[in-house]
file target.txt (compact mmCIF, C-alpha atoms and all ligand atoms)
# COMPACT_ATOMS: atom_id res chain seq x y z
CA MET A 20 -3.41 -93.21 173.34
CA PHE A 21 -3.74 -90.34 175.72
CA THR A 22 -2.20 -90.36 179.19
CA VAL A 23 -2.69 -88.27 182.32
CA PRO A 24 0.27 -85.94 182.88
CA ASP A 25 1.91 -86.07 186.30
CA LEU A 26 1.17 -83.16 188.59
CA PRO A 27 4.15 -80.78 188.44
CA TYR A 28 4.00 -80.45 192.27
CA ASP A 29 2.89 -82.53 195.25
CA TYR A 30 -0.79 -83.18 195.92
CA ASN A 31 -0.52 -80.96 198.99
CA GLY A 32 1.47 -78.29 197.13
CA LEU A 33 -1.46 -75.92 196.72
CA GLU A 34 -2.50 -76.04 200.38
CA PRO A 35 -4.20 -74.30 202.06
CA HIS A 36 -6.00 -72.86 199.02
CA VAL A 37 -6.68 -76.15 197.25
CA ASP A 38 -6.59 -79.11 199.60
CA GLU A 39 -4.64 -82.34 199.16
CA GLN A 40 -7.64 -84.68 199.10
CA THR A 41 -9.35 -82.65 196.40
CA MET A 42 -6.18 -82.68 194.30
CA LYS A 43 -5.80 -86.46 194.70
CA ILE A 44 -9.36 -87.23 193.66
CA HIS A 45 -9.41 -84.56 190.97
CA HIS A 46 -6.17 -85.65 189.29
CA ASP A 47 -6.17 -89.40 189.92
CA LYS A 48 -9.89 -90.12 189.55
CA HIS A 49 -11.59 -87.40 187.52
CA HIS A 50 -8.80 -86.64 185.07
CA THR A 51 -7.97 -90.34 184.68
CA ALA A 52 -11.62 -91.08 183.88
CA TYR A 53 -11.65 -88.44 181.12
CA VAL A 54 -8.52 -89.96 179.59
CA ASN A 55 -9.79 -93.53 179.84
CA ASN A 56 -13.13 -92.58 178.30
CA LEU A 57 -11.42 -90.59 175.54
CA ASN A 58 -9.20 -93.56 174.63
CA ALA A 59 -12.22 -95.87 174.66
CA ALA A 60 -14.25 -93.52 172.44
CA LEU A 61 -11.42 -93.22 169.90
CA GLU A 62 -10.45 -96.89 169.88
CA GLY A 63 -9.50 -97.87 166.33
CA ASN A 64 -9.32 -94.22 165.17
CA ASP A 65 -5.53 -94.02 165.03
CA THR A 66 -5.35 -90.61 163.38
CA TRP A 67 -7.25 -89.03 166.24
CA LEU A 68 -5.46 -91.06 168.90
CA LYS A 69 -2.09 -89.72 167.72
CA MET A 70 -3.07 -86.04 167.76
CA PRO A 71 -2.30 -83.70 170.65
CA VAL A 72 -5.55 -83.41 172.59
CA GLU A 73 -5.60 -79.65 171.94
CA GLU A 74 -5.76 -80.39 168.21
CA VAL A 75 -8.57 -82.89 168.78
CA ALA A 76 -10.50 -80.18 170.65
CA SER A 77 -9.94 -77.58 167.95
CA LYS A 78 -11.14 -80.03 165.28
CA ILE A 79 -14.14 -81.29 167.26
CA SER A 80 -16.58 -80.64 164.40
CA GLU A 81 -14.60 -83.09 162.22
CA VAL A 82 -14.80 -85.96 164.72
CA PRO A 83 -17.14 -88.72 163.46
CA GLU A 84 -20.64 -87.85 164.64
CA LYS A 85 -21.21 -91.17 166.40
CA ILE A 86 -18.40 -90.49 168.90
CA ARG A 87 -18.34 -86.69 168.81
CA THR A 88 -20.16 -86.10 172.11
CA ALA A 89 -17.93 -88.55 173.97
CA VAL A 90 -14.82 -86.95 172.47
CA ARG A 91 -16.13 -83.45 173.21
CA ASN A 92 -16.73 -84.25 176.87
CA ASN A 93 -13.69 -86.41 177.55
CA GLY A 94 -11.23 -84.79 175.14
CA GLY A 95 -12.28 -81.43 176.52
CA GLY A 96 -11.87 -82.82 180.03
CA HIS A 97 -8.36 -84.03 179.22
CA ALA A 98 -7.30 -80.75 177.56
CA ASN A 99 -8.83 -78.57 180.27
CA HIS A 100 -7.33 -80.45 183.20
CA SER A 101 -3.89 -80.74 181.57
CA LEU A 102 -3.90 -76.95 181.30
CA PHE A 103 -5.35 -76.52 184.79
CA TRP A 104 -2.52 -78.37 186.60
CA SER A 105 0.09 -76.38 184.70
CA ILE A 106 -1.34 -72.91 185.36
CA MET A 107 -1.22 -73.45 189.13
CA CYS A 108 1.86 -73.76 191.33
CA PRO A 109 2.63 -73.74 195.07
CA GLY A 110 2.26 -70.21 196.35
CA GLY A 111 1.50 -68.89 192.88
CA SER A 112 4.02 -66.97 190.79
CA LYS A 113 4.41 -63.24 190.32
CA ILE A 114 2.72 -61.67 187.33
CA SER A 115 5.11 -59.71 185.09
CA ASP A 116 4.68 -55.96 184.70
CA ALA A 117 4.22 -56.43 180.96
CA PHE A 118 1.38 -58.92 181.28
CA LYS A 119 -0.26 -56.91 184.04
CA LYS A 120 -0.16 -53.93 181.67
CA ASN A 121 -1.82 -56.06 178.96
CA LEU A 122 -4.61 -56.99 181.36
CA THR A 123 -4.98 -53.39 182.53
CA GLU A 124 -5.23 -52.09 178.97
CA THR A 125 -7.87 -54.68 178.12
CA PHE A 126 -10.00 -54.73 181.26
CA GLY A 127 -9.34 -51.33 182.89
CA SER A 128 -7.25 -52.59 185.82
CA PHE A 129 -5.93 -55.85 187.19
CA GLU A 130 -8.69 -55.79 189.83
CA LYS A 131 -11.33 -55.35 187.15
CA PHE A 132 -9.86 -58.31 185.30
CA THR A 133 -10.08 -60.57 188.37
CA GLU A 134 -13.62 -59.31 189.08
CA GLN A 135 -14.80 -60.07 185.54
CA PHE A 136 -13.08 -63.46 185.50
CA THR A 137 -14.65 -64.36 188.85
CA GLN A 138 -18.01 -63.17 187.57
CA ALA A 139 -17.64 -65.49 184.56
CA GLY A 140 -17.09 -68.41 186.94
CA MET A 141 -19.84 -67.40 189.35
CA THR A 142 -22.47 -67.01 186.65
CA ARG A 143 -21.67 -70.31 184.95
CA PHE A 144 -24.74 -72.29 185.96
CA GLY A 145 -23.96 -75.89 186.87
CA SER A 146 -20.56 -77.22 185.82
CA GLY A 147 -17.98 -75.54 183.66
CA TRP A 148 -14.96 -73.29 183.46
CA ALA A 149 -13.99 -69.61 183.56
CA TRP A 150 -11.31 -68.63 181.05
CA LEU A 151 -8.87 -65.97 180.02
CA VAL A 152 -8.31 -66.59 176.32
CA ASN A 153 -6.46 -65.31 173.30
CA ASP A 154 -9.29 -64.39 170.94
CA SER A 155 -7.81 -63.28 167.61
CA ASP A 156 -4.72 -61.89 169.37
CA LYS A 157 -6.77 -60.07 172.00
CA LEU A 158 -7.23 -61.00 175.64
CA ALA A 159 -10.81 -61.93 176.51
CA ILE A 160 -12.78 -63.53 179.33
CA MET A 161 -15.34 -66.25 178.69
CA SER A 162 -16.85 -69.30 180.32
CA THR A 163 -17.74 -72.71 178.95
CA ALA A 164 -20.24 -75.34 180.05
CA ASN A 165 -19.31 -78.87 181.09
CA GLN A 166 -15.87 -79.76 179.65
CA ASP A 167 -16.08 -77.63 176.54
CA SER A 168 -12.76 -76.02 175.67
CA PRO A 169 -12.31 -72.51 174.21
CA LEU A 170 -10.37 -74.35 171.48
CA MET A 171 -13.72 -75.68 170.26
CA GLU A 172 -14.65 -72.06 169.48
CA GLY A 173 -11.29 -71.16 167.93
CA LYS A 174 -9.93 -69.43 171.02
CA ILE A 175 -6.71 -70.26 172.83
CA PRO A 176 -7.06 -70.81 176.59
CA LEU A 177 -4.41 -69.05 178.67
CA LEU A 178 -5.85 -69.37 182.18
CA GLY A 179 -8.74 -71.55 183.31
CA CYS A 180 -10.54 -72.03 186.60
CA ASP A 181 -12.44 -75.27 187.04
CA VAL A 182 -15.79 -74.42 188.67
CA TRP A 183 -17.17 -77.96 188.74
CA GLU A 184 -18.15 -78.82 192.30
CA HIS A 185 -15.55 -81.62 192.26
CA ALA A 186 -12.88 -78.89 192.12
CA TYR A 187 -13.83 -77.33 195.45
CA TYR A 188 -16.69 -79.05 197.28
CA LEU A 189 -14.64 -80.98 199.87
CA LYS A 190 -13.08 -77.80 201.27
CA TYR A 191 -15.49 -75.05 200.25
CA GLN A 192 -18.83 -76.93 199.98
CA ASN A 193 -21.27 -74.63 198.16
CA MET A 194 -19.03 -71.55 198.46
CA ARG A 195 -17.76 -71.23 194.91
CA ALA A 196 -16.89 -67.56 195.51
CA ASP A 197 -14.57 -68.47 198.41
CA TYR A 198 -12.84 -71.10 196.26
CA MET A 199 -12.33 -68.67 193.40
CA ALA A 200 -11.04 -65.97 195.75
CA ALA A 201 -8.49 -68.39 197.25
CA TRP A 202 -7.54 -69.82 193.85
CA TRP A 203 -5.83 -66.59 192.74
CA ASN A 204 -3.13 -67.37 195.33
CA VAL A 205 -1.95 -70.40 193.33
CA VAL A 206 -2.03 -69.03 189.77
CA ASN A 207 1.21 -69.67 187.89
CA TRP A 208 1.40 -66.45 185.88
CA THR A 209 4.70 -67.45 184.30
CA GLU A 210 2.91 -70.33 182.59
CA VAL A 211 -0.12 -68.18 181.64
CA GLU A 212 2.09 -65.54 180.04
CA LYS A 213 4.02 -68.16 178.05
CA ARG A 214 0.78 -69.19 176.38
CA PHE A 215 0.02 -65.68 175.11
CA ASN A 216 1.90 -65.22 171.85
CA PRO A 217 0.00 -62.73 169.74
CA LYS A 218 1.12 -62.61 166.14
CA GLY A 219 2.96 -59.50 164.98
MN MN B 1 -12.26 -80.88 187.12
call {"tool": "encode", "arguments": {"input": "target.txt", "output": "structure tokens", "more": "lines below"}}
Ligand code: MN
result
Amino acid sequence: MFTVPDLPYDYNGLEPHVDEQTMKIHHDKHHTAYVNNLNAALEGNDTWLKMPVEEVASKISEVPEKIRTAVRNNGGGHANHSLFWSIMCPGGSKISDAFKKNLTETFGSFEKFTEQFTQAGMTRFGSGWAWLVNDSDKLAIMSTANQDSPLMEGKIPLLGCDVWEHAYYLKYQNMRADYMAAWWNVVNWTEVEKRFNPKG
């Protein structure tokens, strides 16, 4: 059985950038629905129910075909949102010089990184996510549709921005760019950096 993790801060902790009502509905309603639907889809499949959801996502092609779409959508939703809450924090946290250097070496500058990441979110048509991932021990930017996880393509998500309308519509309406611009203020870089462990 999967469960929704508690938010590691108050619902209003990300104000004014992400508003309290959005956080309440997003965490308590949307994330809970993904978890409930995932548990329902996997009912009776104890092996899958006992796995960390990240492992379920990375093994999505092995999930029985009859329930694969439900597991893809809801397991992805559970994995993505669990990551999302953890890579944000009140006021954001300072990026380390070492990780900033990594981003600069990969993308040209920190500003170019944020531009490309924002572009990935802005050009994702409909619902989905923008990601910074570990792709074979290299930093890369990508986006996914719906609740697909980079884990489903063998990549490790480090930072993700939810660009579903439910993530921003109450405060920002149709202005996805304004939401993404404000969202950088609440990124928990300490948590993002912890996830990047290139081998050797
Ligand atoms: Mn969401």
call {"tool": "residues_near_ligand", "arguments": {"input": "target.txt", "ligand": "ligand MN 1 (chain B)", "cutoff": "6 Å", "atoms": "only C-alpha atoms and all ligand atoms", "output": "ChimeraX atom specification"}}
result
/A:181,183,186
call {"tool": "closest_residue", "arguments": {"input": "target.txt", "among": "A:Leu68, A:Thr137, A:Ser128, A:Leu61", "to": "Val90 in chain A", "atoms": "only C-alpha atoms"}}
result
A:Leu61
call {"tool": "residues_around", "arguments": {"input": "target.txt", "residues": "Asp47 in chain A", "least_positions_apart": "2", "cutoff": "12 Å", "atoms": "only C-alpha atoms", "output": "list in words"}}
result
Thr22, Val23, Pro24, Asp25, Leu26, Tyr30, Glu39, Gln40, Thr41, Met42, Lys43, Ile44, His45, His49, His50, Thr51, Ala52, Tyr53, Val54, Asn55 and His100 of chain A
call {"tool": "write_last_selection", "arguments": {"input": "target.txt", "atoms": "C-alpha atoms", "output": "JSON list (two decimals), keeping the file's coordinate frame"}}
result
[["chain", "number", "residue", "atom", "x", "y", "z"],
["A", 22, "THR", "CA", -2.20, -90.36, 179.19],
["A", 23, "VAL", "CA", -2.69, -88.27, 182.32],
["A", 24, "PRO", "CA", 0.27, -85.94, 182.88],
["A", 25, "ASP", "CA", 1.91, -86.07, 186.30],
["A", 26, "LEU", "CA", 1.17, -83.16, 188.59],
["A", 30, "TYR", "CA", -0.79, -83.18, 195.92],
["A", 39, "GLU", "CA", -4.64, -82.34, 199.16],
["A", 40, "GLN", "CA", -7.64, -84.68, 199.10],
["A", 41, "THR", "CA", -9.35, -82.65, 196.40],
["A", 42, "MET", "CA", -6.18, -82.68, 194.30],
["A", 43, "LYS", "CA", -5.80, -86.46, 194.70],
["A", 44, "ILE", "CA", -9.36, -87.23, 193.66],
["A", 45, "HIS", "CA", -9.41, -84.56, 190.97],
["A", 49, "HIS", "CA", -11.59, -87.40, 187.52],
["A", 50, "HIS", "CA", -8.80, -86.64, 185.07],
["A", 51, "THR", "CA", -7.97, -90.34, 184.68],
["A", 52, "ALA", "CA", -11.62, -91.08, 183.88],
["A", 53, "TYR", "CA", -11.65, -88.44, 181.12],
["A", 54, "VAL", "CA", -8.52, -89.96, 179.59],
["A", 55, "ASN", "CA", -9.79, -93.53, 179.84],
["A", 100, "HIS", "CA", -7.33, -80.45, 183.20]]
call {"tool": "residues_near_point", "arguments": {"input": "target.txt", "point": "(-17.6, -73.5, 184.8)", "cutoff": "6 Å", "atoms": "only C-alpha atoms", "output": "PyMOL selection string"}}
result
chain A and resi 140+143+146-149+163-164+181-183
call {"tool": "atom_distance", "arguments": {"input": "target.txt", "atom1": "CA of Gly173 in chain A", "atom2": "CA of Pro27 in chain A"}}
result
27.4 Å
call {"tool": "residues_around", "arguments": {"input": "target.txt", "residues": "Asn207 in chain A", "least_positions_apart": "3", "cutoff": "12 Å", "atoms": "all atoms listed in the file", "output": "PyMOL selection string"}}
result
chain A and resi 27-28+33+102-115+177-179+202-204+210-214
call {"tool": "atom_distance", "arguments": {"input": "target.txt", "atom1": "CA of Ser77 in chain A", "atom2": "CA of Ala59 in chain A"}}
result
19.6 Å
call {"tool": "axis_aligned_box", "arguments": {"input": "target.txt", "around": "range 176-186 of chain A", "padding_each_side": "6 Å", "output": "lines of an AutoDock Vina configuration file"}}
result
center_x = -11.3
center_y = -75.3
center_z = 184.4
size_x = 25.7
size_y = 24.6
size_z = 27.7
call {"tool": "closest_residue", "arguments": {"input": "target.txt", "among": "A:Asn193, A:Ser162, A:Ser155, A:Thr88", "to": "Asn216 in chain A", "atoms": "all atoms listed in the file"}}
result
A:Ser155
call {"tool": "closest_residue", "arguments": {"input": "target.txt", "among": "A:Lys157, A:His185, A:His36, A:Arg87", "to": "Leu122 in chain A", "atoms": "all atoms listed in the file"}}
result
A:Lys157
call {"tool": "closest_residue", "arguments": {"input": "target.txt", "among": "A:Met161, A:Ala98, A:Glu172, A:Ser80", "to": "Thr142 in chain A", "atoms": "only C-alpha atoms"}}
result
A:Met161
call {"tool": "closest_residue", "arguments": {"input": "target.txt", "among": "A:Met199, A:Val206, A:Met20, A:Asn99", "to": "Lys69 in chain A", "atoms": "all atoms listed in the file"}}
result
A:Met20
call {"tool": "atom_distance", "arguments": {"input": "target.txt", "atom1": "CA of Asp38 in chain A", "atom2": "CA of Tyr191 in chain A"}}
result
9.8 Å
call {"tool": "residues_around", "arguments": {"input": "target.txt", "residues": "Thr123 in chain A", "least_positions_apart": "5", "cutoff": "12 Å", "atoms": "all atoms listed in the file", "output": "PDB file with C-alpha atoms, in the coordinates of the input"}}
result
ATOM      1  CA  ASP A 116       4.680 -55.960 184.700  1.00  0.00           C
ATOM      2  CA  ALA A 117       4.220 -56.430 180.960  1.00  0.00           C
ATOM      3  CA  PHE A 118       1.380 -58.920 181.280  1.00  0.00           C
ATOM      4  CA  SER A 128      -7.250 -52.590 185.820  1.00  0.00           C
ATOM      5  CA  PHE A 129      -5.930 -55.850 187.190  1.00  0.00           C
ATOM      6  CA  GLU A 130      -8.690 -55.790 189.830  1.00  0.00           C
ATOM      7  CA  LYS A 131     -11.330 -55.350 187.150  1.00  0.00           C
ATOM      8  CA  PHE A 132      -9.860 -58.310 185.300  1.00  0.00           C
ATOM      9  CA  THR A 133     -10.080 -60.570 188.370  1.00  0.00           C
ATOM     10  CA  LEU A 158      -7.230 -61.000 175.640  1.00  0.00           C
ATOM     11  CA  ALA A 159     -10.810 -61.930 176.510  1.00  0.00           C
TER      12      ALA A 159
END
call {"tool": "closest_residue", "arguments": {"input": "target.txt", "among": "A:Thr66, A:Gln166, A:Asn121, A:Gln135", "to": "Gly94 in chain A", "atoms": "all atoms listed in the file"}}
result
A:Gln166
call {"tool": "residues_around", "arguments": {"input": "target.txt", "residues": "range 167-170 of chain A", "least_positions_apart": "4", "cutoff": "7 Å", "atoms": "all atoms listed in the file", "output": "ChimeraX atom specification"}}
result
/A:76-77,91-92,95,99,163,174-176
